[in-house]
$ cat coords-v9.cif   # mmCIF, C-alpha atoms
data_entry
loop_
_atom_site.label_atom_id
_atom_site.label_comp_id
_atom_site.auth_asym_id
_atom_site.auth_seq_id
_atom_site.Cartn_x
_atom_site.Cartn_y
_atom_site.Cartn_z
CA GLN W 1 -54.12 -51.16 -34.29
CA LEU W 2 -52.91 -47.63 -33.65
CA GLN W 3 -50.15 -45.87 -35.56
CA ASN W 4 -48.81 -43.26 -33.16
CA TYR W 5 -46.54 -41.05 -35.22
CA GLY W 6 -45.84 -38.44 -32.57
CA THR W 7 -48.32 -35.61 -33.04
CA GLY W 8 -51.35 -37.77 -33.80
CA ILE W 9 -52.71 -41.28 -34.14
CA ASN W 10 -53.97 -43.17 -37.19
CA VAL W 11 -56.46 -45.98 -36.55
CA VAL W 12 -55.66 -48.97 -38.76
CA GLY W 13 -57.38 -52.30 -39.40
CA VAL W 14 -56.02 -55.11 -41.57
CA ARG W 15 -57.88 -57.97 -43.24
CA GLN W 16 -55.35 -60.29 -44.81
CA GLY W 17 -55.74 -61.38 -48.41
CA THR W 18 -55.64 -64.99 -49.55
CA VAL W 19 -52.28 -64.52 -51.27
CA PRO W 20 -49.50 -64.63 -48.64
CA ASP W 21 -47.41 -61.44 -48.62
CA GLY W 22 -49.53 -60.24 -51.53
CA GLU W 23 -50.59 -56.84 -52.78
CA ILE W 24 -52.39 -54.31 -50.60
CA VAL W 25 -55.34 -51.94 -51.05
CA ILE W 26 -55.78 -49.12 -48.53
CA VAL W 27 -59.16 -47.45 -47.96
CA GLY W 28 -59.38 -44.50 -45.60
CA GLY W 29 -60.80 -41.18 -44.56
CA HIS W 30 -59.56 -38.55 -42.13
CA TYR W 31 -61.33 -38.41 -38.79
CA ASP W 32 -60.19 -34.98 -37.64
CA HIS W 33 -62.06 -31.79 -38.48
CA ILE W 34 -61.85 -28.03 -38.16
CA PRO W 35 -62.01 -26.89 -34.49
CA GLY W 36 -65.43 -25.53 -33.62
CA CYS W 37 -66.98 -27.06 -36.73
CA SER W 38 -69.21 -30.13 -36.49
CA GLY W 39 -67.64 -31.80 -39.53
CA ALA W 40 -70.65 -33.78 -40.73
CA ASP W 41 -69.66 -33.74 -44.38
CA ASP W 42 -65.96 -33.10 -43.77
CA ASN W 43 -65.33 -35.74 -42.87
CA GLY W 44 -68.06 -37.61 -41.05
CA THR W 45 -69.36 -38.87 -44.38
CA GLY W 46 -65.99 -40.23 -45.47
CA VAL W 47 -65.36 -42.00 -42.17
CA ALA W 48 -68.87 -43.49 -42.16
CA ALA W 49 -68.37 -44.83 -45.69
CA THR W 50 -64.94 -46.21 -44.77
CA LEU W 51 -66.34 -48.06 -41.76
CA GLU W 52 -69.30 -49.41 -43.74
CA LEU W 53 -66.91 -50.63 -46.43
CA ALA W 54 -64.87 -52.37 -43.72
CA ARG W 55 -67.99 -54.02 -42.32
CA ILE W 56 -69.11 -55.34 -45.70
CA LEU W 57 -65.73 -56.61 -46.87
CA ALA W 58 -64.35 -57.83 -43.53
CA ASP W 59 -65.35 -61.47 -44.01
CA ILE W 60 -65.15 -61.72 -47.79
CA PRO W 61 -61.92 -63.37 -48.97
CA THR W 62 -60.02 -61.52 -51.67
CA PRO W 63 -56.57 -62.08 -53.18
CA ARG W 64 -55.31 -58.69 -52.01
CA THR W 65 -55.06 -57.52 -48.41
CA LEU W 66 -57.45 -54.77 -47.30
CA VAL W 67 -56.12 -52.07 -44.97
CA ILE W 68 -58.67 -49.69 -43.44
CA THR W 69 -57.31 -46.42 -42.05
CA CYS W 70 -58.83 -43.43 -40.30
CA TRP W 71 -56.19 -40.73 -40.70
CA ASP W 72 -55.50 -38.04 -38.14
CA GLU W 73 -54.50 -34.41 -38.74
CA GLU W 74 -55.56 -34.08 -42.35
CA GLU W 75 -56.77 -30.57 -41.66
CA LEU W 76 -53.31 -29.63 -40.35
CA GLY W 77 -51.57 -30.62 -43.58
CA LEU W 78 -52.19 -34.31 -44.36
CA ILE W 79 -49.94 -35.24 -41.44
CA GLY W 80 -51.48 -38.61 -40.57
CA SER W 81 -51.62 -39.92 -44.12
CA ASP W 82 -48.11 -38.62 -44.72
CA ALA W 83 -46.90 -40.73 -41.79
CA GLN W 84 -48.61 -43.85 -43.11
CA ALA W 85 -47.42 -43.27 -46.66
CA GLN W 86 -43.84 -42.76 -45.51
CA ALA W 87 -43.93 -45.90 -43.38
CA ALA W 88 -45.32 -47.88 -46.32
CA ALA W 89 -42.61 -46.52 -48.62
CA ASP W 90 -39.89 -47.30 -46.07
CA GLN W 91 -41.13 -50.89 -45.81
CA GLY W 92 -41.55 -51.26 -49.57
CA LEU W 93 -45.13 -52.45 -49.17
CA PRO W 94 -46.75 -53.62 -52.43
CA ILE W 95 -49.66 -51.16 -52.43
CA THR W 96 -51.68 -51.27 -55.65
CA ALA W 97 -54.32 -48.67 -54.74
CA VAL W 98 -55.23 -46.17 -52.03
CA PHE W 99 -58.80 -44.86 -51.72
CA SER W 100 -59.29 -41.53 -49.92
CA LEU W 101 -62.94 -40.82 -49.04
CA ASP W 102 -63.26 -37.18 -48.03
CA SER W 103 -66.46 -35.09 -47.98
CA ILE W 104 -68.89 -37.22 -49.97
CA GLY W 105 -72.29 -36.04 -48.76
CA ALA W 106 -73.03 -32.62 -50.27
CA ALA W 107 -75.17 -32.51 -53.41
CA SER W 108 -77.82 -30.42 -55.12
CA SER W 109 -80.02 -30.93 -58.17
CA GLU W 110 -80.48 -27.18 -58.64
CA PRO W 111 -79.03 -25.65 -61.83
CA ASP W 112 -75.90 -23.54 -61.26
CA SER W 113 -75.27 -25.09 -57.84
CA GLN W 114 -71.79 -26.21 -58.94
CA VAL W 115 -68.82 -23.95 -59.58
CA VAL W 116 -65.32 -24.96 -60.65
CA PRO W 117 -61.79 -23.68 -60.01
CA ALA W 118 -60.27 -21.23 -62.46
CA GLY W 119 -58.76 -23.01 -65.45
CA PHE W 120 -60.77 -26.21 -65.02
CA ASP W 121 -62.39 -25.68 -68.42
CA LEU W 122 -58.99 -25.48 -70.12
CA LEU W 123 -57.39 -28.46 -68.39
CA PHE W 124 -60.44 -30.73 -68.47
CA PRO W 125 -62.53 -29.67 -71.47
CA SER W 126 -64.57 -32.86 -71.78
CA GLN W 127 -65.42 -32.90 -68.07
CA TYR W 128 -66.30 -29.21 -68.21
CA GLN W 129 -68.63 -29.87 -71.13
CA GLU W 130 -70.41 -32.51 -69.04
CA LEU W 131 -71.04 -29.84 -66.42
CA VAL W 132 -72.34 -27.44 -69.07
CA ASP W 133 -74.66 -30.10 -70.46
CA ASN W 134 -75.98 -30.76 -66.94
CA ASP W 135 -76.59 -27.04 -66.22
CA PHE W 136 -73.87 -27.05 -63.54
CA ARG W 137 -75.90 -29.16 -61.14
CA ALA W 138 -73.92 -30.30 -58.10
CA ASP W 139 -75.23 -33.85 -58.31
CA PHE W 140 -72.12 -35.85 -59.19
CA LEU W 141 -69.26 -37.63 -57.45
CA LEU W 142 -65.85 -36.25 -58.35
CA TRP W 143 -62.98 -38.69 -58.45
CA VAL W 144 -59.36 -37.74 -58.99
CA SER W 145 -56.55 -40.22 -59.52
CA ASP W 146 -53.15 -40.67 -61.05
CA ASP W 147 -53.41 -42.04 -64.58
CA THR W 148 -52.11 -45.49 -63.56
CA MET W 149 -55.47 -45.95 -61.80
CA ALA W 150 -57.42 -45.61 -65.06
CA PRO W 151 -58.86 -49.18 -64.95
CA ILE W 152 -60.20 -48.53 -61.45
CA GLY W 153 -61.69 -45.24 -62.63
CA VAL W 154 -63.45 -47.03 -65.49
CA ALA W 155 -64.83 -49.59 -63.04
CA LEU W 156 -65.96 -46.80 -60.70
CA ASP W 157 -67.85 -45.04 -63.49
CA GLY W 158 -69.54 -48.31 -64.40
CA PHE W 159 -70.68 -49.00 -60.84
CA ALA W 160 -71.92 -45.41 -60.47
CA ASP W 161 -73.88 -45.68 -63.71
CA GLN W 162 -75.57 -48.86 -62.48
CA LEU W 163 -76.73 -46.97 -59.38
CA GLY W 164 -77.88 -43.93 -61.33
CA LEU W 165 -75.17 -41.77 -59.77
CA ARG W 166 -73.37 -39.26 -61.95
CA SER W 167 -69.57 -39.43 -61.67
CA LEU W 168 -66.92 -37.16 -63.09
CA GLY W 169 -63.34 -38.37 -63.28
CA ALA W 170 -60.06 -36.48 -63.56
CA PRO W 171 -57.09 -38.83 -64.04
CA LEU W 172 -53.83 -36.90 -63.81
CA ASP W 173 -50.40 -37.60 -65.26
CA ASP W 174 -47.25 -37.05 -63.20
CA ALA W 175 -46.91 -33.40 -64.24
CA LEU W 176 -50.52 -32.52 -63.41
CA LYS W 177 -50.33 -34.26 -60.02
CA VAL W 178 -47.82 -31.67 -58.82
CA SER W 179 -49.02 -28.66 -60.81
CA PRO W 180 -49.72 -25.56 -58.66
CA VAL W 181 -52.65 -24.84 -60.97
CA LEU W 182 -54.36 -27.98 -59.68
CA SER W 183 -53.61 -27.53 -55.99
CA ASP W 184 -57.34 -27.85 -55.25
CA LEU W 185 -57.14 -31.48 -56.42
CA ARG W 186 -54.36 -32.27 -53.92
CA ARG W 187 -56.11 -31.13 -50.75
CA SER W 188 -56.69 -34.53 -49.21
CA ASP W 189 -54.85 -37.62 -48.05
CA HIS W 190 -54.40 -39.21 -51.47
CA ALA W 191 -51.70 -36.61 -52.18
CA SER W 192 -49.47 -38.08 -49.46
CA PHE W 193 -49.34 -41.32 -51.43
CA TRP W 194 -48.96 -39.62 -54.81
CA ASP W 195 -45.84 -37.92 -53.47
CA ARG W 196 -44.31 -41.36 -52.96
CA ASP W 197 -45.45 -42.78 -56.31
CA ILE W 198 -48.12 -44.92 -54.65
CA PRO W 199 -51.32 -45.07 -56.77
CA ALA W 200 -54.26 -43.30 -55.15
CA ILE W 201 -57.79 -42.16 -55.95
CA PHE W 202 -59.82 -39.42 -54.25
CA PHE W 203 -63.62 -39.53 -53.79
CA ASN W 204 -65.08 -36.07 -53.14
CA ASP W 205 -68.15 -33.85 -53.48
CA THR W 206 -65.93 -30.84 -54.46
CA GLY W 207 -66.26 -29.14 -51.04
CA GLU W 208 -66.66 -25.36 -51.17
CA PHE W 209 -67.29 -25.46 -54.91
CA ARG W 210 -70.83 -26.60 -54.07
CA TYR W 211 -71.22 -26.66 -50.29
CA PRO W 212 -71.61 -23.31 -48.48
CA ALA W 213 -70.98 -24.88 -45.05
CA TYR W 214 -67.59 -26.30 -46.07
CA HIS W 215 -65.27 -25.70 -43.11
CA CYS W 216 -68.23 -23.86 -41.55
CA GLY W 217 -67.72 -20.97 -43.95
CA ASP W 218 -71.46 -20.23 -44.09
CA GLY W 219 -73.05 -21.97 -41.13
CA ASP W 220 -72.08 -25.15 -39.31
CA ASP W 221 -71.30 -28.37 -41.20
CA THR W 222 -74.14 -30.38 -39.67
CA THR W 223 -75.89 -33.63 -40.56
CA ASP W 224 -79.08 -31.92 -41.71
CA LYS W 225 -77.11 -30.41 -44.61
CA VAL W 226 -75.82 -33.77 -45.82
CA ASP W 227 -77.73 -35.49 -48.63
CA PRO W 228 -78.11 -39.05 -47.28
CA THR W 229 -79.15 -40.58 -50.60
CA PHE W 230 -76.10 -39.16 -52.35
CA ALA W 231 -73.75 -40.17 -49.51
CA ILE W 232 -75.11 -43.72 -49.49
CA GLN W 233 -74.73 -44.04 -53.26
CA VAL W 234 -71.13 -42.83 -53.08
CA ALA W 235 -70.45 -45.33 -50.30
CA GLN W 236 -71.95 -48.12 -52.42
CA VAL W 237 -69.73 -47.14 -55.34
CA ALA W 238 -66.72 -47.10 -53.03
CA VAL W 239 -67.49 -50.61 -51.78
CA ALA W 240 -67.92 -51.99 -55.29
CA THR W 241 -64.80 -50.26 -56.60
CA ALA W 242 -62.70 -51.39 -53.64
CA ALA W 243 -63.92 -54.96 -54.15
CA PHE W 244 -62.82 -54.70 -57.77
CA ALA W 245 -59.41 -53.39 -56.71
CA LEU W 246 -59.08 -56.22 -54.20
CA GLY W 247 -59.45 -58.77 -56.98
CA MET W 248 -63.06 -59.88 -56.54
#

$ encode --input "coords-v9.cif" --output "structure tokens"
Amino acid sequence: QLQNYGTGINVVGVRQGTVPDGEIVIVGGHYDHIPGCSGADDNGTGVAATLELARILADIPTPRTLVITCWDEEELGLIGSDAQAQAAADQGLPITAVFSLDSIGAASSEPDSQVVPAGFDLLFPSQYQELVDNDFRADFLLWVSDDTMAPIGVALDGFADQLGLRSLGAPLDDALKVSPVLSDLRRSDHASFWDRDIPAIFFNDTGEFRYPAYHCGDGDDTTDKVDPTFAIQVAQVAVATAAFALGM
């Protein structure tokens, strides 16, 4: 189905859960991109993972309902996800988790290929130490969530470990979710749901903090620059974590 909210259109699919009028899990990625930029990583990778997740889980019964969404106008200010989040809040939908998959295909095993925002070391000392111990290699999945999603974050880390994929989590309390210091952690569609107290988790490769072609800043964002092994592993982790959230 299409959610036409005026300036854009979200594409939405629903697979009902086995519990009538039960809880809902949303998985999505934005399908728009920067004009003139190919958008392979941002956000072709996130949309591809979202659609693969939908394919795998479409016919598997779970207690919770699965909603798949491709959001429009993320690059213009999270407009599409804001429209869906507001509609969900207005209807009082029982959403237990939202997964935002955005830019999940850039990775490098080279030392010092990862940089971090200013102040990251002070706010997340244990995560920063992990980066130090790994010689700042850009070979990990970053996930960011509100702290109510901690059990899902633990499950995610477990699934990633089974696949041999490094993951680095940053669960945020209510104050940190809105802190200007952490604005870099709010730059995708999960923030639309946070702003309405709907639990959400963000899967990301950290964008320009490791990927020179982010938003075509240094060359076009093309498929040859995406690491397919990394992107596939992140997609596999997303499928497993979503299945966990759905009650499997």

$ closest_residue --input "coords-v9.cif" --among "W:Tyr31, W:Ala170, W:Ser145, W:Asp112" --to "Pro125 (chain W)" --atoms "only C-alpha atoms"
W:Ala170

$ residues_near_point --input "coords-v9.cif" --point "(-70.9, -29.0, -43.0)" --cutoff "7 Å" --atoms "only C-alpha atoms" --output "PDB file with C-alpha atoms, keeping the file's coordinate frame"
ATOM      1  CA  SER W  38     -69.210 -30.130 -36.490  1.00  0.00           C
ATOM      2  CA  GLY W  39     -67.640 -31.800 -39.530  1.00  0.00           C
ATOM      3  CA  ALA W  40     -70.650 -33.780 -40.730  1.00  0.00           C
ATOM      4  CA  ASP W  41     -69.660 -33.740 -44.380  1.00  0.00           C
ATOM      5  CA  ASP W  42     -65.960 -33.100 -43.770  1.00  0.00           C
ATOM      6  CA  ALA W 213     -70.980 -24.880 -45.050  1.00  0.00           C
ATOM      7  CA  TYR W 214     -67.590 -26.300 -46.070  1.00  0.00           C
ATOM      8  CA  HIS W 215     -65.270 -25.700 -43.110  1.00  0.00           C
ATOM      9  CA  CYS W 216     -68.230 -23.860 -41.550  1.00  0.00           C
ATOM     10  CA  ASP W 220     -72.080 -25.150 -39.310  1.00  0.00           C
ATOM     11  CA  ASP W 221     -71.300 -28.370 -41.200  1.00  0.00           C
ATOM     12  CA  THR W 222     -74.140 -30.380 -39.670  1.00  0.00           C
ATOM     13  CA  LYS W 225     -77.110 -30.410 -44.610  1.00  0.00           C
TER      14      LYS W 225
END

$ residues_around --input "coords-v9.cif" --residues "Ile152 (chain W)" --least-positions-apart "3" --cutoff "7 Å" --atoms "only C-alpha atoms" --output "ChimeraX atom specification"
/W:149,155-156,241,245

$ resolve_selection --input "coords-v9.cif" --expression "the PyMOL selection byres ((chain W and resi 111) around 6)" --output "tab-separated table (two decimals) with C-alpha atoms, in the coordinates of the input"
chain	number	residue	atom	x	y	z
W	110	GLU	CA	-80.48	-27.18	-58.64
W	112	ASP	CA	-75.90	-23.54	-61.26
W	113	SER	CA	-75.27	-25.09	-57.84
W	135	ASP	CA	-76.59	-27.04	-66.22
W	136	PHE	CA	-73.87	-27.05	-63.54
W	137	ARG	CA	-75.90	-29.16	-61.14

$ closest_residue --input "coords-v9.cif" --among "W:Asp139, W:Asp147, W:Asp59, W:Glu52" --to "Thr18 (chain W)" --atoms "only C-alpha atoms"
W:Asp59

$ resolve_selection --input "coords-v9.cif" --expression "the PyMOL selection byres ((chain W and resi 78) around 9)" --output "PyMOL selection string"
chain W and resi 30+71-77+79-83+187-192

$ atom_distance --input "coords-v9.cif" --atom1 "CA of Thr223 (chain W)" --atom2 "CA of Ile201 (chain W)"
25.2 Å

$ atom_distance --input "coords-v9.cif" --atom1 "CA of Cys70 (chain W)" --atom2 "CA of Gln233 (chain W)"
20.5 Å

$ resolve_selection --input "coords-v9.cif" --expression "the PyMOL selection byres ((chain W and resi 181) around 12)" --output "list in words"
Pro117, Ala118, Gly119, Phe120, Leu122, Leu123, Ala175, Leu176, Lys177, Val178, Ser179, Pro180, Leu182, Ser183, Asp184, Leu185 and Arg186 of chain W

$ write_last_selection --input "coords-v9.cif" --atoms "C-alpha atoms" --output "mmCIF file, keeping the file's coordinate frame"
data_model
loop_
_atom_site.group_PDB
_atom_site.id
_atom_site.type_symbol
_atom_site.label_atom_id
_atom_site.label_comp_id
_atom_site.auth_asym_id
_atom_site.auth_seq_id
_atom_site.Cartn_x
_atom_site.Cartn_y
_atom_site.Cartn_z
ATOM 1 C CA PRO W 117 -61.790 -23.680 -60.010
ATOM 2 C CA ALA W 118 -60.270 -21.230 -62.460
ATOM 3 C CA GLY W 119 -58.760 -23.010 -65.450
ATOM 4 C CA PHE W 120 -60.770 -26.210 -65.020
ATOM 5 C CA LEU W 122 -58.990 -25.480 -70.120
ATOM 6 C CA LEU W 123 -57.390 -28.460 -68.390
ATOM 7 C CA ALA W 175 -46.910 -33.400 -64.240
ATOM 8 C CA LEU W 176 -50.520 -32.520 -63.410
ATOM 9 C CA LYS W 177 -50.330 -34.260 -60.020
ATOM 10 C CA VAL W 178 -47.820 -31.670 -58.820
ATOM 11 C CA SER W 179 -49.020 -28.660 -60.810
ATOM 12 C CA PRO W 180 -49.720 -25.560 -58.660
ATOM 13 C CA LEU W 182 -54.360 -27.980 -59.680
ATOM 14 C CA SER W 183 -53.610 -27.530 -55.990
ATOM 15 C CA ASP W 184 -57.340 -27.850 -55.250
ATOM 16 C CA LEU W 185 -57.140 -31.480 -56.420
ATOM 17 C CA ARG W 186 -54.360 -32.270 -53.920
#

$ closest_residue --input "coords-v9.cif" --among "W:Thr69, W:Asn43, W:Thr206, W:Ser126" --to "Ser108 (chain W)" --atoms "only C-alpha atoms"
W:Thr206

$ residues_near_point --input "coords-v9.cif" --point "(-66.7, -54.8, -55.3)" --cutoff "12 Å" --atoms "only C-alpha atoms" --output "MDAnalysis selection string"
chainID W and resid 53:54 56:57 60:62 152 155:156 158:160 235:248

$ residues_around --input "coords-v9.cif" --residues "Ala89 (chain W)" --least-positions-apart "4" --cutoff "7 Å" --atoms "only C-alpha atoms" --output "list of chain:residue names"
W:Ala85, W:Leu93, W:Arg196

$ atom_distance --input "coords-v9.cif" --atom1 "CA of Ile9 (chain W)" --atom2 "CA of Trp143 (chain W)"
26.5 Å

$ closest_residue --input "coords-v9.cif" --among "W:Tyr5, W:Tyr211, W:Pro228, W:Thr96" --to "Gly22 (chain W)" --atoms "all atoms listed in the file"
W:Thr96
